[in-house]
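J.: Data: work_18.txt, compact mmCIF, C-alpha atoms and all ligand atoms.
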# COMPACT_ATOMS: atom_id res chain seq x y z
CA MET A 636 99.58 126.61 87.33
CA GLN A 637 99.00 127.45 90.97
CA ARG A 638 101.16 125.57 93.45
CA PRO A 639 99.12 122.91 95.28
CA LEU A 640 98.64 123.01 99.03
CA ARG A 641 100.86 120.34 100.57
CA VAL A 642 99.34 118.48 103.50
CA VAL A 643 100.94 115.81 105.68
CA GLN A 644 98.85 113.44 107.78
CA LEU A 645 100.61 111.84 110.76
CA THR A 646 98.67 109.34 112.84
CA ASP A 647 98.86 106.90 115.73
CA THR A 648 102.21 107.99 117.12
CA HIS A 649 101.49 106.21 120.46
CA LEU A 650 104.23 108.06 122.36
CA PHE A 651 105.23 107.60 125.99
CA ALA A 652 106.61 110.01 128.58
CA ASP A 653 109.74 107.84 128.60
CA PRO A 654 111.25 107.95 125.09
CA GLN A 655 112.85 104.56 125.71
CA GLN A 656 109.55 102.81 126.33
CA THR A 657 108.31 100.32 123.75
CA LEU A 658 104.88 99.41 122.40
CA LEU A 659 104.86 95.71 121.47
CA GLY A 660 108.63 95.88 120.97
CA CYS A 661 108.65 99.15 118.99
CA ARG A 662 110.34 102.29 120.34
CA THR A 663 107.59 104.63 119.20
CA TRP A 664 109.62 107.79 119.84
CA LEU A 665 112.42 106.63 117.52
CA THR A 666 110.08 105.69 114.68
CA CYS A 667 108.08 108.91 115.16
CA GLN A 668 111.25 110.98 114.89
CA ALA A 669 112.28 109.15 111.70
CA VAL A 670 108.86 109.70 110.12
CA VAL A 671 108.74 113.37 111.13
CA THR A 672 112.21 113.91 109.62
CA GLU A 673 111.02 112.44 106.32
CA ALA A 674 107.78 114.46 106.47
CA ALA A 675 109.78 117.66 107.06
CA ALA A 676 111.70 117.03 103.83
CA TYR A 677 108.33 117.09 102.03
CA CYS A 678 107.91 120.75 103.16
CA PRO A 679 104.20 120.62 104.07
CA ASP A 680 102.05 123.74 104.32
CA LEU A 681 100.12 122.15 107.18
CA VAL A 682 100.05 118.97 109.26
CA LEU A 683 96.99 116.98 110.32
CA LEU A 684 97.34 114.70 113.34
CA THR A 685 94.57 112.10 113.47
CA GLY A 686 94.74 110.70 116.96
CA ASP A 687 96.25 108.04 119.22
CA LEU A 688 99.09 110.48 119.72
CA SER A 689 99.92 109.08 123.18
CA GLN A 690 100.01 105.55 124.56
CA ASP A 691 100.28 106.53 128.23
CA GLU A 692 98.07 109.67 128.25
CA SER A 693 100.90 111.73 129.79
CA ALA A 694 101.50 115.42 129.15
CA ALA A 695 105.17 114.58 128.53
CA SER A 696 104.26 112.22 125.67
CA TYR A 697 102.34 115.00 123.91
CA GLN A 698 105.13 117.47 124.61
CA HIS A 699 107.57 115.16 122.79
CA LEU A 700 105.39 115.43 119.70
CA VAL A 701 105.10 119.22 120.04
CA ASN A 702 108.90 119.40 120.15
CA ALA A 703 109.39 117.05 117.19
CA LEU A 704 106.92 118.90 114.97
CA ARG A 705 108.63 122.27 115.43
CA SER A 706 111.03 121.12 112.69
CA LEU A 707 108.15 121.23 110.18
CA ASP A 708 107.64 124.96 110.76
CA CYS A 709 103.98 124.93 109.66
CA PRO A 710 100.54 124.95 111.34
CA VAL A 711 99.63 121.72 113.14
CA TYR A 712 95.95 120.75 113.42
CA TRP A 713 94.98 117.80 115.57
CA LEU A 714 92.39 115.25 116.65
CA GLY A 715 92.37 112.77 119.51
CA GLY A 716 91.87 109.02 119.25
CA ASN A 717 90.65 106.32 121.60
CA HIS A 718 94.07 106.10 123.29
CA ASP A 719 94.30 109.84 124.03
CA ALA A 720 93.45 111.76 127.19
CA ALA A 721 91.36 114.52 125.62
CA SER A 722 91.92 117.19 128.27
CA VAL A 723 95.68 116.56 128.59
CA LEU A 724 96.08 116.59 124.82
CA ALA A 725 94.10 119.84 124.50
CA GLU A 726 96.18 121.54 127.17
CA VAL A 727 99.57 120.56 125.70
CA ALA A 728 98.35 121.38 122.19
CA ALA A 729 97.36 124.89 123.34
CA THR A 730 100.61 125.62 125.16
CA GLY A 731 102.60 124.03 122.33
CA GLY A 732 101.13 126.31 119.68
CA TRP A 733 99.07 123.76 117.76
CA ARG A 734 96.02 125.24 116.07
CA PRO A 735 92.73 124.94 117.98
CA GLU A 736 90.42 125.22 114.95
CA LYS A 737 88.48 122.14 113.83
CA ARG A 738 87.22 124.02 110.74
CA PHE A 739 89.35 126.19 108.48
CA VAL A 740 89.92 127.20 104.87
CA GLN A 741 93.39 127.02 103.36
CA GLY A 742 94.56 126.76 99.76
CA GLY A 743 90.96 127.05 98.59
CA TRP A 744 89.96 123.88 100.50
CA TYR A 745 87.61 123.59 103.48
CA PHE A 746 89.01 121.37 106.24
CA VAL A 747 86.81 119.63 108.82
CA LEU A 748 88.23 117.72 111.78
CA LEU A 749 85.60 115.48 113.40
CA ASP A 750 85.78 113.91 116.84
CA SER A 751 84.88 110.22 116.36
CA THR A 752 85.77 109.13 119.90
CA LEU A 753 83.44 107.97 122.67
CA PRO A 754 84.91 108.37 126.18
CA GLY A 755 85.99 105.00 127.56
CA GLN A 756 85.34 103.16 124.29
CA VAL A 757 87.77 101.79 121.71
CA GLY A 758 85.26 102.04 118.87
CA GLY A 759 84.17 105.17 117.04
CA TRP A 760 80.82 106.98 116.99
CA LEU A 761 79.63 110.18 115.35
CA GLN A 762 77.22 112.36 117.30
CA ARG A 763 73.98 113.21 115.50
CA ALA A 764 74.18 116.85 116.59
CA ALA A 765 77.69 117.13 115.12
CA MET A 766 76.47 115.65 111.84
CA ALA A 767 73.58 118.15 111.73
CA GLU A 768 76.15 120.93 112.19
CA LEU A 769 78.29 119.45 109.44
CA THR A 770 75.34 119.42 107.03
CA GLU A 771 74.71 123.09 107.76
CA GLU A 772 78.38 124.02 107.34
CA LEU A 773 78.68 122.18 104.05
CA THR A 774 75.70 124.15 102.77
CA GLN A 775 77.65 127.34 103.48
CA HIS A 776 81.07 126.13 102.22
CA PRO A 777 81.18 125.30 98.51
CA GLU A 778 84.98 124.85 98.55
CA PRO A 779 86.41 121.39 97.87
CA THR A 780 86.38 119.72 101.27
CA LEU A 781 88.65 117.37 103.21
CA ILE A 782 87.30 115.71 106.36
CA ALA A 783 89.50 113.95 108.92
CA MET A 784 88.60 111.71 111.87
CA HIS A 785 90.38 109.03 113.90
CA HIS A 786 88.22 105.97 113.20
CA PRO A 787 87.51 104.54 109.75
CA LEU A 788 83.99 104.45 108.35
CA PHE A 789 84.65 101.28 106.34
CA PRO A 790 85.75 97.77 107.31
CA VAL A 791 89.35 96.85 106.49
CA GLY A 792 88.65 93.09 106.39
CA SER A 793 90.05 92.31 109.85
CA PRO A 794 87.22 91.44 112.27
CA TRP A 795 89.19 92.44 115.37
CA LEU A 796 89.71 95.95 113.93
CA ASP A 797 86.40 96.27 112.13
CA ASP A 798 84.57 95.92 115.44
CA SER A 799 85.98 99.32 116.39
CA ARG A 800 85.36 101.36 113.25
CA VAL A 801 82.73 104.14 113.34
CA GLY A 802 79.64 102.29 114.54
CA ASN A 803 77.13 104.56 112.79
CA PRO A 804 78.63 105.51 109.40
CA GLU A 805 75.15 106.09 107.95
CA VAL A 806 74.81 109.39 109.85
CA PHE A 807 77.99 110.61 108.16
CA TRP A 808 76.80 109.64 104.72
CA GLN A 809 73.42 111.28 105.35
CA ALA A 810 75.35 114.48 106.12
CA VAL A 811 77.78 114.45 103.18
CA ASP A 812 75.98 112.66 100.35
CA ARG A 813 74.17 115.82 99.24
CA HIS A 814 77.39 117.83 99.14
CA PRO A 815 79.50 116.90 96.12
CA GLN A 816 82.29 119.28 97.13
CA VAL A 817 83.43 116.68 99.72
CA ARG A 818 86.40 115.00 98.05
CA VAL A 819 88.59 113.29 100.65
CA VAL A 820 88.05 111.67 104.06
CA LEU A 821 91.11 110.70 106.13
CA CYS A 822 91.41 108.38 109.11
CA GLY A 823 93.97 106.54 111.23
CA HIS A 824 93.27 103.87 113.89
CA VAL A 825 93.85 100.78 111.72
CA HIS A 826 97.64 101.19 111.35
CA GLN A 827 97.55 100.23 107.67
CA GLU A 828 96.91 101.84 104.29
CA HIS A 829 93.54 101.51 102.55
CA THR A 830 91.58 103.38 99.91
CA TRP A 831 87.81 103.24 99.46
CA GLN A 832 85.51 105.06 97.05
CA ARG A 833 81.91 106.03 97.73
CA CYS A 834 79.72 108.51 95.87
CA GLY A 835 82.69 110.37 94.39
CA VAL A 836 84.52 110.63 97.73
CA THR A 837 87.88 108.95 98.34
CA TYR A 838 88.38 107.58 101.84
CA TYR A 839 91.95 106.89 102.97
CA SER A 840 93.42 105.17 106.00
CA THR A 841 97.06 105.84 106.79
CA PRO A 842 99.88 103.82 108.37
CA SER A 843 100.93 104.56 111.93
CA THR A 844 104.26 106.18 112.65
CA CYS A 845 105.04 103.10 114.80
CA ILE A 846 103.66 99.54 114.62
CA GLN A 847 101.62 98.26 111.66
CA PHE A 848 98.69 95.82 111.77
CA ALA A 849 98.57 93.05 109.17
CA ALA A 850 95.92 93.45 106.48
CA GLN A 851 93.06 90.93 106.29
CA ALA A 852 94.05 89.24 109.55
CA ASP A 853 91.18 87.65 111.48
CA THR A 854 92.81 88.25 114.84
CA PHE A 855 95.40 90.68 116.20
CA THR A 856 98.52 90.33 114.00
CA LEU A 857 101.45 92.70 113.60
CA ASP A 858 102.93 93.47 110.20
CA PRO A 859 106.70 94.15 110.08
CA ALA A 860 106.11 96.86 107.43
CA PHE A 861 107.85 100.19 107.90
CA PRO A 862 105.98 103.10 109.49
CA GLY A 863 104.95 106.05 107.38
CA PHE A 864 102.85 109.13 106.70
CA ARG A 865 100.37 110.30 104.07
CA TRP A 866 100.92 113.33 101.83
CA LEU A 867 98.26 115.17 99.85
CA GLU A 868 98.57 117.87 97.21
CA LEU A 869 95.37 119.87 96.89
CA LEU A 870 94.52 122.25 94.06
CA PRO A 871 91.90 124.97 94.59
CA ASP A 872 89.77 123.58 91.76
CA GLY A 873 89.24 120.38 93.77
CA ARG A 874 91.79 118.15 92.05
CA TYR A 875 94.19 116.35 94.35
CA THR A 876 96.82 113.62 94.55
CA SER A 877 97.83 111.59 97.58
CA GLY A 878 100.21 108.84 98.55
CA VAL A 879 101.90 107.13 101.47
CA VAL A 880 105.63 107.37 102.21
CA ARG A 881 107.12 104.48 104.17
CA VAL A 882 110.20 105.34 106.18
CA ALA A 883 112.96 102.74 106.41
CA CYS A 884 113.87 102.66 110.08
CA PRO A 885 114.58 99.84 112.50
CA VAL A 886 111.19 98.60 113.69
CA THR A 887 111.43 95.69 116.07
CA VAL A 888 108.06 94.25 116.96
CA ASP A 889 107.07 91.50 119.32
CA GLN A 890 105.52 88.97 116.97
CA ASP A 891 104.31 86.88 119.92
CA ALA A 892 102.10 89.71 121.16
CA ASN A 893 98.43 88.83 121.06
CA GLY A 894 96.83 92.08 122.08
CA TYR A 895 97.04 95.81 121.72
FE FE B 901 96.44 103.54 117.12
Rewrite the structure of this file - the entire thing - as structure tokens.

T.:
Amino acid sequence: MQRPLRVVQLTDTHLFADPQQTLLGCRTWLTCQAVVTEAAAYCPDLVLLTGDLSQDESAASYQHLVNALRSLDCPVYWLGGNHDAASVLAEVAATGGWRPEKRFVQGGWYFVLLDSTLPGQVGGWLQRAAMAELTEELTQHPEPTLIAMHHPLFPVGSPWLDDSRVGNPEVFWQAVDRHPQVRVVLCGHVHQEHTWQRCGVTYYSTPSTCIQFAAQADTFTLDPAFPGFRWLELLPDGRYTSGVVRVACPVTVDQDANGY
């Protein structure tokens, strides 16, 4: 049997220029390094970064991630999130050797990276023109397809987070529903693991490499769970498996924090 393509998704690293700086009590650089080390042991063929890579929008914060990911020795594809500075991220990504493509074929799968951010907004939104392009592309690409974006399309059951999911998921479903080759949709943003099914497509959210948000919480609540990453093994005939690896590392979080 052909070896599957091994993909690692890393998301919501929230790094700072100063590696000592903390986000709600968590040293995001330390937890990111621990997760990247574990991900490297998985020997991925490619890495997908799904946004909120920086917390302070500095070039240095992105450069830390470029440096850390060199240990994986594989192509790195990336998306921004609502916390990112799009132009700074794009510049460091280019100089750091990350791949610029938002569409590519590898291992017999078609990969689509969608920008779900709206400048100045926390919540997600998908542009109609981009969805029209996606429909056209899916008509031309019969390969099994994986789509990644920062924001989730589904509610996670926490009102404070669900207010900032993709605000117009119907335009996405109008684009993909007629294309059964779409198998997997990945997101970050919610700092917790979820799985949804819709029309034969599996939608996954993935833990952050730093702080975790408590599931089903009505208001902002941190979860002391370990950080992690998602792995996927993709076969060219469209079959796949996926899971989340949690990485045991010292995560100290400020449980009295009431905002993010
Ligand atoms: Fe985030």

J.: Name the closest residue to Gly743 in chain A among the candidates A:Asp798, A:Glu768, A:Asp708, A:Glu778; distances are taken between atoms, counting only C-alpha atoms.

T.: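 Closest candidate: A:Glu778.
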
J.: At what distance in Å, to one decimal, does CA of His785 in chain A lie from CA of Phe864 in chain A?

T.: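 Those two atoms sit 14.4 Å apart.
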
J.: Quick one: residues within 12 Å of Gly863 in chain A, only C-alpha atoms counted, chain neighbours fewer than 2 positions away excluded, as a PyMOL selection string?

T.: chain A and resi 643-648+666-674+823+826-828+840-847+860-861+865-866+878-884+886

J.: Env of Glu736 in chain A: 9 Å cut, atoms = all atoms listed in the file, seq-sep filter 2 positions within chain, self excluded. Answer as a list in words.

T.: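 Listing them by chain and then by number gives Tyr712, Trp713, Arg734, Arg738, Phe739 and Leu748 of chain A.
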
J.: Please enclose the listed atoms of range 747-756 of chain A in an axis-aligned box, pad each side by 8 Å, and write out the centre and the three edge lengths in Å, rounded to one decimal, as AutoDock Vina command-line options.

T.:
--center_x 85.8 --center_y 111.4 --center_z 118.2 --size_x 20.8 --size_y 32.5 --size_z 34.7

J.: Could you name the residues that touch Val747 in chain A at 7 Å or less, counting all atoms listed in the file, but leaving out those on the same chain fewer than 5 positions away, as a PDB file with C-alpha atoms, keeping the file's coordinate frame?

T.:
ATOM      1  CA  LYS A 737      88.480 122.140 113.830  1.00  0.00           C
ATOM      2  CA  ARG A 738      87.220 124.020 110.740  1.00  0.00           C
ATOM      3  CA  LEU A 781      88.650 117.370 103.210  1.00  0.00           C
ATOM      4  CA  ILE A 782      87.300 115.710 106.360  1.00  0.00           C
ATOM      5  CA  ALA A 783      89.500 113.950 108.920  1.00  0.00           C
TER       6      ALA A 783
END

J.: Give me the residues within 7 Å of Val806 in chain A as JSON, numbers by chain, counting only C-alpha atoms and dropping any in the same chain fewer than 4 places off.

T.: {"A": [763, 766, 810]}

J.: Grab the CA of Gln809 in chain A to CA of His776 in chain A distance for me, in Å with one decimal place.

T.: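 We find that CA of Gln809 in chain A and CA of His776 in chain A lie 17.0 Å from each other.
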
J.: Do a neighbour search on Trp733 in chain A at 7 Å with all atoms listed in the file, toss out local chain neighbours closer than 2 positions, and write the hits as a PyMOL selection string.

T.: chain A and resi 710-712+728-729+731+735

J.: Using all atoms listed in the file for the distances, tell me which of A:Ser877, A:Ser706, A:Asn717, A:Ser722 is nearest to ligand FE 901 (chain B).

T.: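 Smallest separation from ligand FE 901 (chain B) among the options: A:Asn717.
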
J.: What gap, in Å, lies between CA of Gln762 in chain A and CA of Pro794 in chain A?

T.: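 Separation of CA of Gln762 in chain A and CA of Pro794 in chain A: 23.7 Å.
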
J.: So, with only C-alpha atoms and all ligand atoms as the atoms that count, which of A:Arg800, A:His649, A:Arg813, A:Arg833 lies closest to ligand FE 901 (chain B)?

T.: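 Closest to ligand FE 901 (chain B), using only C-alpha atoms and all ligand atoms: A:His649.
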
J.: May I ask which of the residues A:Val642, A:Cys834, A:Val727, A:Ala767 is the closest one to Pro815 in chain A, counting all atoms listed in the file?

T.: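 Using all atoms listed in the file, Pro815 in chain A sits closest to A:Cys834.
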
J.: With 8 Å as the threshold, what does the neighbourhood of (84.0, 101.9, 104.9) contain in terms of residues, counting all atoms listed in the file? Coordinates are those of the file; answer as a PyMOL selection string.

T.: chain A and resi 787-791+804+831+838

J.: Name the closest residue to ligand FE 901 (chain B) among the candidates A:Ala695, A:Ala675, A:Leu761, A:Leu684; distances are taken between atoms, counting all atoms listed in the file.

T.: A:Leu684
